[in-house]
$ cat start.txt   # compact mmCIF, C-alpha atoms
# COMPACT_ATOMS: atom_id res chain seq x y z
CA GLU O 1 2.36 -15.49 1.73
CA ALA O 2 -0.67 -14.43 3.78
CA GLU O 3 -1.54 -18.09 4.33
CA THR O 4 1.85 -18.88 5.86
CA GLY O 5 2.67 -15.57 7.56
CA GLY O 6 -0.78 -14.13 8.20
CA ALA O 7 -0.28 -10.86 6.32
CA ALA O 8 0.89 -9.88 2.83
CA ILE O 9 0.55 -6.85 0.57
CA LEU O 10 1.42 -5.96 -2.99
CA ALA O 11 3.94 -3.13 -3.32
CA VAL O 12 6.41 -1.68 -5.80
CA PRO O 13 9.84 -0.22 -5.03
CA ALA O 14 9.83 3.57 -4.70
CA VAL O 15 11.23 5.24 -7.81
CA GLU O 16 10.89 8.88 -6.77
CA THR O 17 12.84 10.62 -4.01
CA LYS O 18 10.73 10.99 -0.86
CA LYS O 19 11.02 13.92 1.53
CA GLU O 20 9.79 14.13 5.11
CA ALA O 21 8.50 17.66 5.71
CA GLU O 22 6.69 19.77 8.27
CA ASP O 23 5.06 23.15 7.70
CA GLY O 24 6.41 23.23 4.15
CA LEU O 25 10.02 22.70 5.22
CA VAL O 26 12.07 19.62 4.38
CA LEU O 27 13.19 17.75 7.49
CA ARG O 28 15.08 15.00 5.70
CA THR O 29 15.36 12.89 2.58
CA LEU O 30 14.26 9.30 3.09
CA GLU O 31 16.43 6.42 1.90
CA ARG O 32 14.67 5.35 -1.30
CA LYS O 33 16.23 1.89 -1.44
CA THR O 34 14.22 0.86 1.64
CA LEU O 35 10.89 2.41 0.57
CA TRP O 36 7.99 0.65 -1.14
CA GLN O 37 4.71 2.01 -2.51
CA ALA O 38 1.87 -0.09 -1.07
CA GLN O 39 -0.78 -1.39 -3.44
CA THR O 40 -3.88 -3.55 -3.25
CA PRO O 41 -4.93 -6.22 -2.75
CA GLN O 42 -3.78 -6.66 0.80
CA CYS O 43 -4.41 -10.05 2.42
CA PHE O 44 -4.63 -10.89 6.12
CA ARG O 45 -5.80 -13.71 8.33
CA TYR O 46 -9.21 -12.72 9.62
CA GLU O 47 -8.28 -12.93 13.32
CA LEU O 48 -5.23 -10.73 12.81
CA LEU O 49 -7.11 -8.06 10.87
CA ARG O 50 -9.96 -8.07 13.37
CA ARG O 51 -7.52 -7.59 16.28
CA ALA O 52 -5.82 -4.76 14.37
CA TYR O 53 -9.14 -2.95 13.89
CA GLU O 54 -10.17 -3.51 17.52
CA LEU O 55 -6.89 -1.95 18.70
CA ALA O 56 -7.25 0.96 16.28
CA LEU O 57 -10.82 1.59 17.43
CA ALA O 58 -9.78 1.50 21.09
CA ASP O 59 -6.94 3.95 20.38
CA GLY O 60 -9.06 6.22 18.16
CA LEU O 61 -6.63 5.65 15.30
CA ASP O 62 -7.39 6.06 11.61
CA ALA O 63 -5.09 4.69 8.90
CA THR O 64 -4.84 4.92 5.12
CA ASP O 65 -4.56 1.15 4.65
CA ASP O 66 -5.16 -2.09 6.53
CA SER O 67 -1.48 -3.03 6.66
CA ALA O 68 -0.69 0.07 8.75
CA LEU O 69 -3.12 -1.19 11.38
CA VAL O 70 -1.77 -4.75 11.23
CA GLU O 71 1.81 -3.43 11.62
CA ARG O 72 0.79 -1.84 14.94
CA THR O 73 -0.05 -5.30 16.33
CA GLY O 74 3.58 -6.36 15.91
CA ALA O 75 2.71 -8.82 13.15
CA THR O 76 5.06 -9.22 10.20
CA VAL O 77 3.62 -8.00 6.89
CA ARG O 78 5.27 -9.57 3.85
CA ILE O 79 5.70 -7.71 0.55
CA ILE O 80 4.88 -9.33 -2.77
CA GLU O 81 6.21 -7.21 -5.64
CA GLY O 82 3.36 -5.73 -7.64
CA GLY O 83 3.39 -3.83 -10.90
CA ALA O 84 3.32 -0.24 -12.08
CA HIS O 85 -0.03 -0.71 -13.87
CA ASN O 86 -1.75 -1.65 -10.60
CA ILE O 87 -2.66 1.94 -9.72
CA LYS O 88 -4.96 3.28 -7.02
CA ILE O 89 -7.85 5.23 -8.50
CA THR O 90 -8.66 8.12 -6.18
CA THR O 91 -8.68 11.31 -8.27
CA PRO O 92 -9.99 12.21 -11.74
CA HIS O 93 -6.34 12.20 -12.91
CA ASP O 94 -5.98 8.60 -11.67
CA PHE O 95 -9.12 7.61 -13.57
CA ALA O 96 -7.80 9.18 -16.78
CA LEU O 97 -4.51 7.32 -16.35
CA ALA O 98 -6.38 4.05 -15.80
CA GLU O 99 -8.30 4.62 -19.04
CA LEU O 100 -5.03 5.15 -20.91
CA ILE O 101 -3.61 1.92 -19.47
CA VAL O 102 -6.72 -0.10 -20.36
CA HIS O 103 -6.81 1.25 -23.91
CA SER O 104 -3.08 0.74 -24.45
CA SER O 105 -2.26 -1.92 -27.04
CA LYS O 106 0.26 -3.42 -24.60
CA PHE O 107 -2.34 -3.99 -21.88
CA LYS O 108 -4.19 -7.30 -21.80
CA VAL O 109 -7.54 -7.50 -20.02
CA LEU O 110 -8.09 -10.85 -18.33
CA SER O 111 -11.47 -12.40 -18.98

$ encode --input "start.txt" --output "C-alpha cells"
Amino acid sequence: EAETGGAAILAVPAVETKKEAEDGLVLRTLERKTLWQAQTPQCFRYELLRRAYELALADGLDATDDSALVERTGATVRIIEGGAHNIKITTPHDFALAELIVHSSKFKVLS
C-alpha cells in the first residue's frame, strides 16, 4: 500500500468507547465505528516523510506518530488491518503483557 499510495499504517478497529474531554469533563462521545487504533510499523515514501518532518519542524509541532505528521501534508494514509497482539510497549504493564503473549501456547514466534 505504501508503494502505491505513498503512506500506509497498521491499525485495528477501536473496541472501547472513546470520550473527548477537557479539564476532566466529557465533551462528547466519539463514534467508535470510524475510529482505529494506530500501530507500527508505519511505512512512507521517503520524500513524503521528509516533507512532513520539515513542515512540523517549521511549525514547531510535535506528534505521537509519523502518520499524524504525514496527514498534515494532505497526503492520504492507508490503513492495513493489524492484530491485537501487535501491542506498543511503553510502560512496565505493556512489557508484562508482551511477556504473557510471547509465552502463550497460542503464540508462534517467527524465526

$ axis_aligned_box --input "start.txt" --around "stretch 85-93 of chain O" --padding-each-side "6 Å" --output "JSON"
{"center_x": -5.0, "center_y": 5.3, "center_z": -10.0, "size_x": 22.0, "size_y": 25.9, "size_z": 19.7}

$ residues_near_point --input "start.txt" --point "(1.7, -0.3, -8.0)" --cutoff "6 Å" --atoms "only C-alpha atoms" --output "compact mmCIF listing (two decimals) with C-alpha atoms, in the frame of the given file"
# COMPACT_ATOMS: atom_id res chain seq x y z
CA ALA O 11 3.94 -3.13 -3.32
CA VAL O 12 6.41 -1.68 -5.80
CA GLN O 39 -0.78 -1.39 -3.44
CA GLY O 82 3.36 -5.73 -7.64
CA GLY O 83 3.39 -3.83 -10.90
CA ALA O 84 3.32 -0.24 -12.08
CA ASN O 86 -1.75 -1.65 -10.60
CA ILE O 87 -2.66 1.94 -9.72

$ residues_around --input "start.txt" --residues "O:Thr29" --least-positions-apart "4" --cutoff "8 Å" --atoms "all atoms listed in the file" --output "MDAnalysis selection string"
chainID O and resid 17:20

$ closest_residue --input "start.txt" --among "O:Leu35, O:Ala8, O:Ala56, O:Leu25" --to "O:Thr73" --atoms "all atoms listed in the file"
O:Ala56

$ atom_distance --input "start.txt" --atom1 "atom CA of O:Ile80" --atom2 "atom CA of O:Ile9"
6.0 Å

$ build_atoms --input "start.txt" --residues "stretch 80-106 of chain O" --atoms "N, CA and C atoms" --output "compact mmCIF listing (two decimals), keeping the file's coordinate frame"
# COMPACT_ATOMS: atom_id res chain seq x y z
N ILE O 80 4.83 -8.62 -1.49
CA ILE O 80 4.88 -9.33 -2.77
C ILE O 80 4.99 -8.23 -3.82
N GLU O 81 6.01 -8.30 -4.67
CA GLU O 81 6.21 -7.21 -5.64
C GLU O 81 5.07 -7.15 -6.64
N GLY O 82 4.46 -5.98 -6.72
CA GLY O 82 3.36 -5.73 -7.64
C GLY O 82 3.88 -5.16 -8.95
N GLY O 83 3.02 -4.41 -9.62
CA GLY O 83 3.39 -3.83 -10.90
C GLY O 83 2.94 -2.39 -11.03
N ALA O 84 3.59 -1.66 -11.91
CA ALA O 84 3.32 -0.24 -12.08
C ALA O 84 1.91 0.04 -12.61
N HIS O 85 1.32 -0.92 -13.32
CA HIS O 85 -0.03 -0.71 -13.87
C HIS O 85 -1.12 -0.93 -12.83
N ASN O 86 -0.78 -1.42 -11.66
CA ASN O 86 -1.75 -1.65 -10.60
C ASN O 86 -1.88 -0.36 -9.79
N ILE O 87 -2.58 0.62 -10.35
CA ILE O 87 -2.66 1.94 -9.72
C ILE O 87 -3.90 2.07 -8.85
N LYS O 88 -3.81 2.95 -7.87
CA LYS O 88 -4.96 3.28 -7.02
C LYS O 88 -5.73 4.39 -7.72
N ILE O 89 -7.03 4.22 -7.84
CA ILE O 89 -7.85 5.23 -8.50
C ILE O 89 -8.59 6.02 -7.43
N THR O 90 -8.10 7.25 -7.21
CA THR O 90 -8.66 8.12 -6.18
C THR O 90 -9.14 9.44 -6.78
N THR O 91 -8.39 9.98 -7.71
CA THR O 91 -8.68 11.31 -8.27
C THR O 91 -9.09 11.18 -9.73
N PRO O 92 -9.68 12.24 -10.30
CA PRO O 92 -9.99 12.21 -11.74
C PRO O 92 -8.74 11.94 -12.59
N HIS O 93 -7.59 12.45 -12.18
CA HIS O 93 -6.34 12.20 -12.91
C HIS O 93 -6.03 10.71 -12.91
N ASP O 94 -6.22 10.05 -11.76
CA ASP O 94 -5.98 8.60 -11.67
C ASP O 94 -6.90 7.84 -12.62
N PHE O 95 -8.16 8.27 -12.69
CA PHE O 95 -9.12 7.61 -13.57
C PHE O 95 -8.70 7.76 -15.03
N ALA O 96 -8.26 8.96 -15.40
CA ALA O 96 -7.80 9.18 -16.78
C ALA O 96 -6.59 8.31 -17.09
N LEU O 97 -5.67 8.18 -16.15
CA LEU O 97 -4.51 7.32 -16.35
C LEU O 97 -4.93 5.86 -16.50
N ALA O 98 -5.88 5.42 -15.70
CA ALA O 98 -6.38 4.05 -15.80
C ALA O 98 -6.99 3.80 -17.18
N GLU O 99 -7.73 4.77 -17.69
CA GLU O 99 -8.30 4.62 -19.04
C GLU O 99 -7.21 4.48 -20.09
N LEU O 100 -6.14 5.26 -19.96
CA LEU O 100 -5.03 5.15 -20.91
C LEU O 100 -4.39 3.76 -20.84
N ILE O 101 -4.22 3.25 -19.64
CA ILE O 101 -3.61 1.92 -19.47
C ILE O 101 -4.49 0.86 -20.11
N VAL O 102 -5.79 0.91 -19.83
CA VAL O 102 -6.72 -0.10 -20.36
C VAL O 102 -6.77 -0.06 -21.88
N HIS O 103 -6.71 1.12 -22.45
CA HIS O 103 -6.81 1.25 -23.91
C HIS O 103 -5.47 1.11 -24.62
N SER O 104 -4.40 0.94 -23.87
CA SER O 104 -3.08 0.74 -24.45
C SER O 104 -3.03 -0.61 -25.16
N SER O 105 -2.37 -0.66 -26.29
CA SER O 105 -2.26 -1.92 -27.04
C SER O 105 -1.40 -2.94 -26.31
N LYS O 106 -0.61 -2.50 -25.34
CA LYS O 106 0.26 -3.42 -24.60
C LYS O 106 -0.44 -4.03 -23.39
